[in-house]
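Raw contents of query.cif, mmCIF, C-alpha atoms:
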```
data_my_file
loop_
_atom_site.label_atom_id
_atom_site.label_comp_id
_atom_site.auth_asym_id
_atom_site.auth_seq_id
_atom_site.Cartn_x
_atom_site.Cartn_y
_atom_site.Cartn_z
CA MET A 1 -64.57 74.00 37.80
CA ASN A 2 -63.85 76.90 35.58
CA GLY A 3 -62.29 79.23 38.15
CA ILE A 4 -58.82 78.80 36.88
CA SER A 5 -59.42 79.27 33.17
CA CYS A 6 -56.55 81.37 31.92
CA SER A 7 -58.88 83.45 29.80
CA ILE A 8 -58.63 87.10 28.91
CA ASN A 9 -60.49 88.08 32.05
CA ALA A 10 -58.27 88.42 35.05
CA PRO A 11 -58.25 85.41 37.27
CA ASN A 12 -60.65 85.65 40.18
CA GLY A 13 -59.41 84.90 43.60
CA LEU A 14 -56.09 84.95 45.29
CA TYR A 15 -55.47 81.27 44.94
CA ASP A 16 -55.68 81.57 41.18
CA ILE A 17 -52.72 83.87 41.28
CA SER A 18 -50.70 81.74 43.57
CA GLY A 19 -51.74 78.66 41.80
CA VAL A 20 -51.29 79.75 38.25
CA GLU A 21 -49.38 82.87 37.55
CA VAL A 22 -46.66 83.41 40.07
CA GLY A 23 -43.80 81.15 39.26
CA GLN A 24 -45.60 79.34 36.48
CA HIS A 25 -43.41 79.21 33.45
CA PHE A 26 -43.84 78.04 29.93
CA TYR A 27 -41.03 75.58 29.50
CA TRP A 28 -39.16 74.63 26.42
CA GLN A 29 -36.54 71.93 26.20
CA ILE A 30 -33.25 72.83 24.59
CA GLY A 31 -30.72 70.08 24.66
CA GLY A 32 -30.88 68.63 28.11
CA PHE A 33 -31.96 71.91 29.67
CA GLN A 34 -35.15 73.77 30.28
CA VAL A 35 -35.76 77.36 29.43
CA HIS A 36 -38.47 79.80 30.34
CA ALA A 37 -39.97 80.35 26.95
CA GLN A 38 -42.15 83.26 27.97
CA VAL A 39 -39.06 85.22 28.99
CA LEU A 40 -37.33 84.46 25.73
CA ILE A 41 -40.35 85.42 23.64
CA THR A 42 -40.89 88.73 25.36
CA SER A 43 -37.19 89.52 25.26
CA TRP A 44 -37.20 88.91 21.50
CA VAL A 45 -40.05 91.38 21.17
CA VAL A 46 -38.13 93.95 23.23
CA ILE A 47 -35.01 93.44 21.12
CA ALA A 48 -37.07 93.79 17.95
CA ILE A 49 -38.57 97.05 19.21
CA LEU A 50 -35.16 98.46 20.12
CA LEU A 51 -33.34 97.49 16.96
CA GLY A 52 -36.26 98.29 14.68
CA SER A 53 -36.85 101.79 15.98
CA ALA A 54 -33.12 102.53 16.04
CA LEU A 55 -32.70 101.34 12.45
CA ILE A 56 -35.63 103.37 11.21
CA ASP A 57 -34.82 106.63 12.92
CA VAL A 58 -31.04 106.77 12.78
CA ARG A 59 -30.55 105.73 9.20
CA ASN A 60 -29.57 109.03 7.51
CA PRO A 61 -28.67 111.51 10.17
CA GLN A 62 -29.56 115.06 9.18
CA THR A 63 -27.94 118.17 10.57
CA ILE A 64 -31.37 119.42 11.51
CA PRO A 65 -32.80 116.25 13.02
CA THR A 66 -36.15 114.70 12.35
CA ALA A 67 -38.39 113.99 15.31
CA GLY A 68 -37.24 110.40 15.68
CA GLN A 69 -33.59 111.25 15.27
CA ASN A 70 -34.00 114.04 17.80
CA PHE A 71 -35.47 111.60 20.32
CA PHE A 72 -32.63 109.15 19.85
CA GLU A 73 -30.08 111.96 20.11
CA TYR A 74 -31.70 112.99 23.39
CA VAL A 75 -31.51 109.42 24.68
CA LEU A 76 -27.88 109.13 23.63
CA GLU A 77 -26.98 112.40 25.31
CA PHE A 78 -28.75 111.26 28.46
CA ILE A 79 -26.85 107.97 28.50
CA ARG A 80 -23.56 109.76 27.81
CA ASP A 81 -24.29 112.13 30.66
CA VAL A 82 -24.96 109.26 33.07
CA SER A 83 -21.80 107.45 31.98
CA LYS A 84 -19.67 110.58 32.12
CA THR A 85 -20.90 111.51 35.58
CA GLN A 86 -20.19 108.08 36.98
CA ILE A 87 -17.14 106.92 35.09
CA GLY A 88 -15.28 110.14 34.36
CA GLU A 89 -13.28 111.06 31.32
CA GLU A 90 -12.79 107.58 29.86
CA TYR A 91 -16.50 106.97 29.56
CA GLY A 92 -16.52 106.57 25.79
CA PRO A 93 -16.05 102.79 25.40
CA TRP A 94 -18.65 102.09 28.07
CA VAL A 95 -21.53 104.02 26.53
CA PRO A 96 -22.82 101.04 24.50
CA PHE A 97 -22.86 98.81 27.58
CA ILE A 98 -24.57 101.29 29.88
CA GLY A 99 -26.87 102.42 27.11
CA THR A 100 -27.97 98.92 26.19
CA MET A 101 -28.47 98.11 29.86
CA PHE A 102 -30.67 101.15 30.37
CA LEU A 103 -32.63 100.76 27.15
CA PHE A 104 -33.18 97.02 27.52
CA ILE A 105 -34.43 97.25 31.09
CA PHE A 106 -36.52 100.34 30.39
CA VAL A 107 -38.21 98.93 27.31
CA SER A 108 -38.69 95.54 29.00
CA ASN A 109 -40.35 97.07 32.03
CA TRP A 110 -42.57 99.39 30.05
CA SER A 111 -43.48 96.66 27.56
CA GLY A 112 -44.59 94.51 30.46
CA ALA A 113 -46.81 97.30 31.71
CA LEU A 114 -48.08 98.74 28.43
CA LEU A 115 -48.25 96.01 25.80
CA PRO A 116 -51.35 93.81 25.85
CA TRP A 117 -49.55 90.52 26.39
CA LYS A 118 -52.66 88.82 27.68
CA ILE A 119 -54.04 88.62 24.17
CA ILE A 120 -51.58 85.85 23.45
CA GLN A 121 -52.43 82.76 25.39
CA LEU A 122 -49.67 80.41 26.39
CA PRO A 123 -50.29 76.78 27.19
CA HIS A 124 -48.81 77.44 30.59
CA GLY A 125 -47.82 80.58 32.36
CA GLU A 126 -48.25 83.95 30.74
CA LEU A 127 -46.29 86.61 28.89
CA ALA A 128 -45.06 89.56 30.91
CA ALA A 129 -41.99 91.76 31.19
CA PRO A 130 -38.85 89.71 30.69
CA THR A 131 -37.34 91.38 33.74
CA ASN A 132 -39.84 89.76 36.06
CA ASP A 133 -37.84 86.57 35.82
CA ILE A 134 -34.91 85.98 38.13
CA ASN A 135 -32.84 84.61 35.25
CA THR A 136 -32.93 87.90 33.37
CA THR A 137 -32.04 90.12 36.28
CA VAL A 138 -29.28 87.84 37.52
CA ALA A 139 -27.91 87.64 33.99
CA LEU A 140 -27.77 91.43 33.78
CA ALA A 141 -26.23 91.71 37.24
CA LEU A 142 -23.58 89.12 36.45
CA LEU A 143 -22.75 90.94 33.23
CA THR A 144 -22.31 94.10 35.28
CA SER A 145 -19.98 92.28 37.63
CA VAL A 146 -17.93 90.96 34.75
CA ALA A 147 -17.89 94.45 33.25
CA TYR A 148 -16.49 96.16 36.29
CA PHE A 149 -13.93 93.43 36.86
CA TYR A 150 -12.88 93.75 33.25
CA ALA A 151 -12.70 97.53 33.58
CA GLY A 152 -10.52 97.39 36.67
CA LEU A 153 -8.25 94.67 35.38
CA SER A 154 -7.77 96.19 31.96
CA LYS A 155 -6.92 99.55 33.45
CA LYS A 156 -4.76 98.56 36.37
CA GLY A 157 -3.68 95.03 35.60
CA LEU A 158 -3.14 92.90 38.65
CA GLY A 159 -2.80 96.03 40.74
CA TYR A 160 -6.57 96.07 40.68
CA PHE A 161 -6.60 93.57 43.52
CA SER A 162 -4.87 96.06 45.77
CA LYS A 163 -8.20 97.80 46.18
CA TYR A 164 -9.33 94.96 48.42
CA ILE A 165 -6.96 96.03 51.13
CA GLN A 166 -7.33 99.67 50.26
CA PRO A 167 -8.16 101.76 53.32
CA THR A 168 -6.98 99.08 55.73
CA PRO A 169 -6.46 95.31 55.38
CA ILE A 170 -9.00 94.77 58.13
CA LEU A 171 -11.72 95.57 55.62
CA LEU A 172 -10.64 92.73 53.32
CA PRO A 173 -13.60 90.43 54.14
CA ILE A 174 -16.03 93.27 53.65
CA ASN A 175 -14.50 94.18 50.31
CA ILE A 176 -14.74 90.58 49.18
CA LEU A 177 -18.30 90.42 50.38
CA GLU A 178 -19.07 93.51 48.33
CA ASP A 179 -18.25 91.59 45.18
CA PHE A 180 -21.12 89.26 45.99
CA THR A 181 -23.58 91.77 47.35
CA LYS A 182 -23.29 94.10 44.39
CA PRO A 183 -24.75 91.74 41.80
CA LEU A 184 -27.13 90.31 44.37
CA SER A 185 -28.62 93.67 45.24
CA LEU A 186 -28.77 94.76 41.61
CA SER A 187 -30.62 91.68 40.51
CA PHE A 188 -33.01 91.48 43.42
CA ARG A 189 -33.85 95.15 43.35
CA LEU A 190 -34.94 94.95 39.74
CA PHE A 191 -36.59 91.54 40.04
CA GLY A 192 -38.52 92.45 43.17
CA ASN A 193 -39.71 95.79 41.83
CA ILE A 194 -40.98 94.47 38.54
CA LEU A 195 -42.54 91.25 39.83
CA ALA A 196 -44.17 92.95 42.79
CA ASP A 197 -45.60 95.70 40.63
CA GLU A 198 -47.11 93.14 38.28
CA LEU A 199 -48.58 91.22 41.20
CA VAL A 200 -50.08 94.33 42.76
CA VAL A 201 -51.72 95.30 39.48
CA VAL A 202 -53.07 91.79 38.93
CA VAL A 203 -54.44 91.56 42.44
CA LEU A 204 -56.08 94.96 42.22
CA VAL A 205 -57.57 94.18 38.84
CA SER A 206 -59.02 90.99 40.18
CA LEU A 207 -60.40 92.54 43.36
CA VAL A 208 -61.76 95.94 42.41
CA PRO A 209 -63.41 97.51 39.38
CA SER A 210 -61.41 98.61 36.42
CA VAL A 211 -60.62 102.26 37.16
CA VAL A 212 -58.99 101.80 40.54
CA PRO A 213 -55.81 99.99 39.48
CA ILE A 214 -54.93 102.76 37.02
CA PRO A 215 -53.01 104.97 39.48
CA VAL A 216 -51.08 101.89 40.54
CA MET A 217 -50.29 101.25 36.89
CA PHE A 218 -48.96 104.77 36.52
CA LEU A 219 -46.91 104.27 39.66
CA GLY A 220 -45.63 101.08 38.11
CA LEU A 221 -44.57 102.90 34.95
CA PHE A 222 -42.77 105.50 37.02
CA THR A 223 -40.95 103.07 39.31
CA SER A 224 -39.99 100.73 36.51
CA GLY A 225 -38.47 103.63 34.61
CA ILE A 226 -36.58 104.65 37.72
CA GLN A 227 -35.40 101.08 38.22
CA ALA A 228 -33.91 101.04 34.74
CA LEU A 229 -32.11 104.29 35.47
CA ILE A 230 -30.88 103.02 38.83
CA PHE A 231 -29.56 99.79 37.35
CA ALA A 232 -27.68 101.63 34.62
CA THR A 233 -26.36 104.29 36.99
CA LEU A 234 -25.16 101.74 39.52
CA ALA A 235 -23.50 99.69 36.80
CA ALA A 236 -21.70 102.82 35.62
CA ALA A 237 -20.80 103.70 39.20
CA TYR A 238 -19.26 100.27 39.82
CA ILE A 239 -17.31 100.52 36.60
CA GLY A 240 -16.12 104.01 37.48
CA GLU A 241 -15.21 102.90 40.98
CA SER A 242 -13.00 100.11 39.75
CA MET A 243 -11.36 102.36 37.18
CA GLU A 244 -10.68 105.07 39.70
CA GLY A 245 -7.30 106.71 39.57
CA HIS A 246 -4.29 105.58 41.48
CA HIS A 247 -4.33 106.94 44.97
CA MET B 1 -28.65 79.35 47.51
CA ALA B 2 -31.25 78.99 44.86
CA ASN B 3 -32.35 75.65 46.31
CA MET B 4 -32.69 77.17 49.75
CA ILE B 5 -34.82 79.97 48.45
CA MET B 6 -36.89 77.61 46.38
CA ALA B 7 -37.44 75.40 49.37
CA SER B 8 -38.44 78.34 51.49
CA SER B 9 -40.81 79.65 48.85
CA LYS B 10 -42.74 76.43 48.74
CA PRO B 11 -44.32 76.68 52.21
CA VAL B 12 -45.26 80.30 51.44
CA MET B 13 -47.13 79.19 48.37
CA THR B 14 -48.90 76.35 50.12
CA THR B 15 -50.01 78.55 53.03
CA ILE B 16 -51.56 81.05 50.67
CA VAL B 17 -53.31 78.25 48.89
CA ALA B 18 -54.43 76.61 52.12
CA SER B 19 -55.84 79.78 53.66
CA ASN B 20 -58.42 80.18 50.96
CA PRO B 21 -61.86 78.98 52.14
CA LYS B 22 -62.73 77.54 48.75
CA LEU B 23 -61.41 74.12 48.11
CA PRO B 24 -58.24 74.86 46.26
CA LYS B 25 -57.97 72.75 43.21
CA ILE B 26 -54.47 72.99 41.89
CA PRO B 27 -55.14 72.10 38.31
CA THR B 28 -53.04 69.61 36.47
CA PRO B 29 -52.21 70.54 32.94
CA LYS B 30 -54.11 67.51 31.74
CA LEU B 31 -57.32 68.97 33.14
CA LEU B 32 -56.51 72.37 31.71
CA LYS B 33 -55.83 71.33 28.18
CA PRO B 34 -59.33 70.22 27.17
CA GLN B 35 -60.77 73.42 28.65
CA LEU B 36 -58.16 75.63 27.06
CA ILE B 37 -58.10 74.31 23.54
CA PRO B 38 -61.51 75.71 22.48
CA THR B 39 -60.67 79.17 23.90
CA LEU B 40 -57.22 79.08 22.36
CA LYS B 41 -58.59 78.16 19.00
CA SER B 42 -61.04 81.00 19.10
CA ILE B 43 -58.38 83.53 20.01
CA SER B 44 -55.11 82.83 18.30
CA LEU B 45 -54.40 79.73 16.33
CA PHE B 46 -51.24 81.17 14.96
CA THR B 47 -49.64 81.89 18.31
CA LEU B 48 -50.56 78.43 19.47
CA THR B 49 -48.85 76.75 16.59
CA SER B 50 -45.78 78.93 16.82
CA LEU B 51 -45.46 78.69 20.54
CA SER B 52 -46.05 75.02 20.96
CA PHE B 53 -43.70 73.81 18.28
CA ALA B 54 -41.31 72.92 21.12
CA PRO B 55 -43.52 70.92 23.42
CA PRO B 56 -43.31 72.14 26.99
CA SER B 57 -42.10 69.64 29.51
CA VAL B 58 -45.41 69.36 31.23
CA GLY B 59 -45.93 67.26 34.25
CA ALA B 60 -46.42 67.56 37.94
CA GLU B 61 -43.15 69.40 38.43
CA ILE B 62 -44.59 72.65 37.05
CA GLU B 63 -46.84 73.16 40.04
CA LYS B 64 -43.92 73.77 42.31
CA ALA B 65 -44.41 77.49 41.57
CA ALA B 66 -40.77 78.08 41.03
CA LEU B 67 -39.99 81.71 41.59
CA PHE B 68 -36.24 81.24 41.79
CA ASP B 69 -35.94 78.79 38.99
CA PHE B 70 -32.50 79.11 37.41
CA ASN B 71 -31.98 77.30 34.19
CA LEU B 72 -30.56 77.72 30.72
CA THR B 73 -32.54 80.94 30.38
CA LEU B 74 -29.80 82.75 32.28
CA PRO B 75 -26.91 82.23 29.86
CA ILE B 76 -29.27 82.68 26.92
CA MET B 77 -30.31 86.07 28.27
CA MET B 78 -26.67 86.98 28.79
CA ALA B 79 -25.86 86.06 25.21
CA GLN B 80 -28.89 87.93 23.90
CA PHE B 81 -27.93 91.01 25.84
CA LEU B 82 -24.39 90.95 24.47
CA LEU B 83 -25.65 90.48 20.93
CA LEU B 84 -28.09 93.37 21.45
CA MET B 85 -25.26 95.51 22.78
CA PHE B 86 -23.08 94.92 19.71
CA ALA B 87 -25.99 95.38 17.33
CA LEU B 88 -27.12 98.63 18.97
CA ASP B 89 -23.55 99.85 19.00
CA LYS B 90 -23.19 99.24 15.30
CA VAL B 91 -26.58 100.67 14.36
CA TYR B 92 -27.18 103.46 16.82
CA PHE B 93 -24.53 104.42 19.34
CA THR B 94 -21.50 104.67 17.09
CA PRO B 95 -23.01 106.25 13.95
CA LEU B 96 -25.21 108.72 15.80
CA GLY B 97 -22.52 109.51 18.33
CA GLU B 98 -19.98 110.28 15.63
CA PHE B 99 -22.51 112.32 13.71
CA MET B 100 -23.34 114.38 16.79
CA ASP B 101 -19.67 114.93 17.60
CA GLN B 102 -18.97 116.03 14.03
CA ARG B 103 -21.87 118.43 14.12
CA ASP B 104 -20.67 119.92 17.38
CA ALA B 105 -17.15 120.34 16.02
CA ALA B 106 -18.47 122.01 12.86
CA ILE B 107 -20.57 124.42 14.88
CA LYS B 108 -17.62 125.27 17.11
CA GLU B 109 -15.46 125.91 14.07
CA LYS B 110 -18.06 128.20 12.60
CA LEU B 111 -18.34 130.13 15.83
CA SER B 112 -14.60 130.61 16.14
CA GLY B 113 -14.50 131.48 12.44
CA VAL B 114 -17.03 134.21 13.03
CA LYS B 115 -14.86 135.69 15.74
CA ASP B 116 -11.87 135.75 13.35
CA THR B 117 -13.79 137.51 10.60
CA SER B 118 -14.72 140.31 12.97
CA GLU B 119 -11.00 140.96 13.41
CA GLU B 120 -10.53 140.88 9.66
CA VAL B 121 -13.30 143.40 9.32
CA LYS B 122 -11.52 145.72 11.74
CA GLN B 123 -8.31 145.44 9.74
CA LEU B 124 -10.12 146.22 6.54
CA GLU B 125 -11.72 149.24 8.18
CA GLU B 126 -8.35 150.56 9.25
CA GLN B 127 -6.98 150.09 5.75
CA ALA B 128 -9.92 151.97 4.34
CA ASN B 129 -9.34 154.80 6.79
CA ALA B 130 -5.67 154.98 5.92
CA ILE B 131 -6.49 155.17 2.23
CA MET B 132 -8.99 157.90 2.88
CA ARG B 133 -6.48 159.88 4.85
CA ALA B 134 -3.85 159.52 2.17
CA ALA B 135 -6.30 160.60 -0.47
CA ARG B 136 -7.31 163.62 1.53
CA ALA B 137 -3.68 164.53 2.09
CA GLU B 138 -3.04 164.28 -1.61
CA ILE B 139 -5.98 166.44 -2.42
CA SER B 140 -5.00 169.13 0.04
CA ALA B 141 -1.43 169.12 -1.22
CA ALA B 142 -2.58 169.52 -4.79
CA LEU B 143 -4.96 172.20 -3.70
CA ASN B 144 -2.23 174.10 -1.93
CA LYS B 145 0.03 173.86 -4.94
CA MET B 146 -2.61 175.20 -7.20
CA LYS B 147 -3.33 178.00 -4.81
CA LYS B 148 0.29 178.99 -4.76
CA GLU B 149 0.56 178.97 -8.51
CA THR B 150 -2.50 181.05 -9.02
CA GLN B 151 -1.31 183.45 -6.37
CA LEU B 152 1.97 183.91 -8.16
CA GLU B 153 0.18 184.58 -11.37
CA VAL B 154 -2.10 187.01 -9.70
CA GLU B 155 0.79 188.86 -8.14
CA GLN B 156 2.56 188.94 -11.42
CA LYS B 157 -0.39 190.45 -13.13
CA LEU B 158 -0.89 192.87 -10.34
CA GLY B 159 2.72 193.97 -10.59
CA GLU B 160 2.41 194.52 -14.30
CA GLY B 161 -0.75 196.48 -13.87
CA ARG B 162 0.84 198.65 -11.26
CA LYS B 163 3.79 199.38 -13.41
CA LYS B 164 1.56 200.35 -16.22
CA VAL B 165 -0.45 202.57 -14.02
CA GLU B 166 2.65 204.11 -12.56
CA GLY B 167 4.00 204.79 -16.04
CA GLU B 168 0.88 206.47 -17.06
CA LEU B 169 0.88 208.41 -13.88
CA GLN B 170 4.39 209.59 -14.50
CA GLU B 171 3.43 210.60 -17.99
CA ALA B 172 0.42 212.45 -16.78
CA LEU B 173 2.53 214.20 -14.14
CA ALA B 174 5.13 215.11 -16.73
CA ASN B 175 2.40 216.47 -18.94
CA LEU B 176 1.05 218.46 -16.11
CA GLU B 177 4.47 219.84 -15.36
CA ASN B 178 4.92 220.82 -18.97
CA GLN B 179 1.58 222.44 -19.03
CA LYS B 180 2.34 224.23 -15.84
CA GLU B 181 5.57 225.53 -17.21
CA GLU B 182 3.93 226.54 -20.37
CA THR B 183 1.21 228.37 -18.58
CA ILE B 184 3.77 229.94 -16.29
CA LYS B 185 5.72 230.97 -19.31
CA SER B 186 2.66 232.35 -20.98
CA LEU B 187 1.69 234.01 -17.76
CA ASP B 188 5.14 235.43 -17.48
CA SER B 189 4.93 236.95 -20.89
CA GLN B 190 1.53 238.34 -20.11
CA ILE B 191 2.72 239.64 -16.80
CA SER B 192 5.61 241.40 -18.47
CA ALA B 193 3.28 242.81 -21.12
CA LEU B 194 0.91 243.97 -18.46
CA SER B 195 3.58 245.47 -16.36
CA GLN B 196 4.91 247.43 -19.33
CA ASP B 197 1.47 248.74 -19.98
CA ILE B 198 1.10 249.80 -16.41
CA VAL B 199 4.45 251.47 -16.44
CA LYS B 200 3.52 253.39 -19.58
CA LYS B 201 0.32 254.48 -18.07
CA VAL B 202 1.67 255.40 -14.72
CA LEU B 203 4.81 257.17 -15.80
CA PRO B 204 4.49 260.84 -16.80
CA LEU B 205 2.50 261.89 -19.37
#
```
Rendering of file as structure tokens:
Amino acid sequence: MNGISCSINAPNGLYDISGVEVGQHFYWQIGGFQVHAQVLITSWVVIAILLGSALIDVRNPQTIPTAGQNFFEYVLEFIRDVSKTQIGEEYGPWVPFIGTMFLFIFVSNWSGALLPWKIIQLPHGELAAPTNDINTTVALALLTSVAYFYAGLSKKGLGYFSKYIQPTPILLPINILEDFTKPLSLSFRLFGNILADELVVVVLVSLVPSVVPIPVMFLGLFTSGIQALIFATLAAAYIGESMEGHH
Amino acid sequence: MANMIMASSKPVMTTIVASNPKLPKIPTPKLLKPQLIPTLKSISLFTLTSLSFAPPSVGAEIEKAALFDFNLTLPIMMAQFLLLMFALDKVYFTPLGEFMDQRDAAIKEKLSGVKDTSEEVKQLEEQANAIMRAARAEISAALNKMKKETQLEVEQKLGEGRKKVEGELQEALANLENQKEETIKSLDSQISALSQDIVKKVLPL
């Protein structure tokens, strides 16, 4: 039966998707642990794209910028604006974190949608955006949690924990719960959006002729860009919230 | 939590598989490999060799369609993200950010410098005006002085001329007087001569 051949043509039939692509990973063994190799490979490509383009375009900054330098200046101003709006005056040290968050998620999502990953065949599973894996999104969300804890603690010391009983001590359980729901919502929002968009495109491609999925692909580009912005903005908002001035 | 979600995802997967009318054959990797190798070879030998250098842990466990499969990938992604953050900071954020800030500061300085030079220009204008006024005042003073001097000279000359004229006038008057007296004298003598003649003629013969 050749129905499941992971060839360049899209798989035909719903059960191919459920049987092969969703949740199928290409495993590597490192030490005693398994890793999802497809996520690592695509994330290396994303990192290469980011560092390579930054190195090429930002090497000798000119007063009148070249096109590439102008683009990177625009991106940097955008990130600074997001950080400044959310965090306030002390936004400077956090620009690299927020910026890397935004750029990594944005380039990951768009690479998953735009780059022809299907050309490279894996023995098992397939290459796609690294953010369609729960490990990536939870990693980013946990880093955000650590970041806003670090921000609050470094600014206020142990007085940071007074925010748990801030308006009234009755809200203490809710405030504690927030510390779990924040990373949970961040990670699942991103994971769900990216994975679901990929699934929708794959299903449409397998069911209908080639032109019809294109609007959905554009929608996917749009929403994945927005998701990157939302993740970065929320991360900055949590950091700003925990650094907020003394009442 | 992950186990719960994994457990709950399994029935979802199997129902989707079961609802398909075709006989679902969940392939084992062993069946796949002989079919795949010819296609793989024809497409990308290089990727195959590079990707399969660490042999995947194949086996029946891969079919459990693990959507919420947490493993070492998570800390590796964290570490990669942190490394990317430091690298981007060193390559992009810090150098470009400083460059942009410097450029902004230089432009601001130039703008404020331009405002200062307009004030300097006003000062210079006022100085120029003052110099002009002083020069004009000097010129008019010198002019006045010269006028006065020439006027004095002129009056002097006029006075001299008048005196001369007056002298001559006096002389001419004196001459006229002399002439008048002389003529009167001559007339007198003629009158006396005439009167004697008349007397001789009139008195008796």
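Here the question is which of B:Leu169, B:Leu83, B:Leu67, B:Leu72 gets nearest to Gln29 in chain A using only C-alpha atoms, and that residue is B:Leu72.
The gap separating CA of Gly225 in chain A from CA of Glu198 in chain A is 14.1 Å, in Å to one decimal.
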Inset, instruction - Measuring atom to atom with only C-alpha atoms, identify which of A:Gly88, A:Pro123, A:Pro167, A:Pro65 is nearest to Met100 in chain B. - result: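 Residue with the minimum atom-to-atom distance to Met100 in chain B: A:Pro65.
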Inset, instruction - Can you give me, as a PyMOL selection string, the residues this file yields under the PyMOL selection byres ((chain A and resi 107) around 10)? - result: chain A and resi 43+45-47+49-50+102-106+108-114+129-131+224-225+228
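CA of Pro96 in chain A is found 9.0 Å from CA of Ile79 in chain A.
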Inset, instruction - Pick out the chain A residues within 7 Å of chain B. Count all atoms listed in the file. Give them as an MDAnalysis selection string. - result: chainID A and resid 15 18:19 22:24 26:29 33:36 47 51 54:55 58 96:97 100 120:121 134:136 139:140
Put those residues in a file: C-alpha atoms, as a CSV table (one decimal), keeping the file's coordinate frame.
```
chain,number,residue,atom,x,y,z
A,15,TYR,CA,-55.5,81.3,44.9
A,18,SER,CA,-50.7,81.7,43.6
A,19,GLY,CA,-51.7,78.7,41.8
A,22,VAL,CA,-46.7,83.4,40.1
A,23,GLY,CA,-43.8,81.2,39.3
A,24,GLN,CA,-45.6,79.3,36.5
A,26,PHE,CA,-43.8,78.0,29.9
A,27,TYR,CA,-41.0,75.6,29.5
A,28,TRP,CA,-39.2,74.6,26.4
A,29,GLN,CA,-36.5,71.9,26.2
A,33,PHE,CA,-32.0,71.9,29.7
A,34,GLN,CA,-35.2,73.8,30.3
A,35,VAL,CA,-35.8,77.4,29.4
A,36,HIS,CA,-38.5,79.8,30.3
A,47,ILE,CA,-35.0,93.4,21.1
A,51,LEU,CA,-33.3,97.5,17.0
A,54,ALA,CA,-33.1,102.5,16.0
A,55,LEU,CA,-32.7,101.3,12.4
A,58,VAL,CA,-31.0,106.8,12.8
A,96,PRO,CA,-22.8,101.0,24.5
A,97,PHE,CA,-22.9,98.8,27.6
A,100,THR,CA,-28.0,98.9,26.2
A,120,ILE,CA,-51.6,85.8,23.4
A,121,GLN,CA,-52.4,82.8,25.4
A,134,ILE,CA,-34.9,86.0,38.1
A,135,ASN,CA,-32.8,84.6,35.2
A,136,THR,CA,-32.9,87.9,33.4
A,139,ALA,CA,-27.9,87.6,34.0
A,140,LEU,CA,-27.8,91.4,33.8
```
Inset, instruction - Tell me which of A:Gln38, A:Ser145, A:Asn70, A:Thr233 sits closest to Phe180 in chain A, counting all atoms listed in the file. - result: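 Ranking A:Gln38, A:Ser145, A:Asn70, A:Thr233 by distance to Phe180 in chain A, first place goes to A:Ser145.
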Inset, instruction - Enter the distance from CA of Met217 in chain A to CA of Ala67 in chain A, in Å, rounded to one decimal. - result: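 Value for the CA of Met217 in chain A-CA of Ala67 in chain A distance: 27.7 Å.
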Legend entry - Protein, DNA and RNA residues within 12 Å of (-28.9, 99.4, 36.9), all atoms listed in the file, as a VMD selection string: chain A and resid 82 to 83 97 to 106 137 to 138 140 to 145 182 to 191 224 to 239
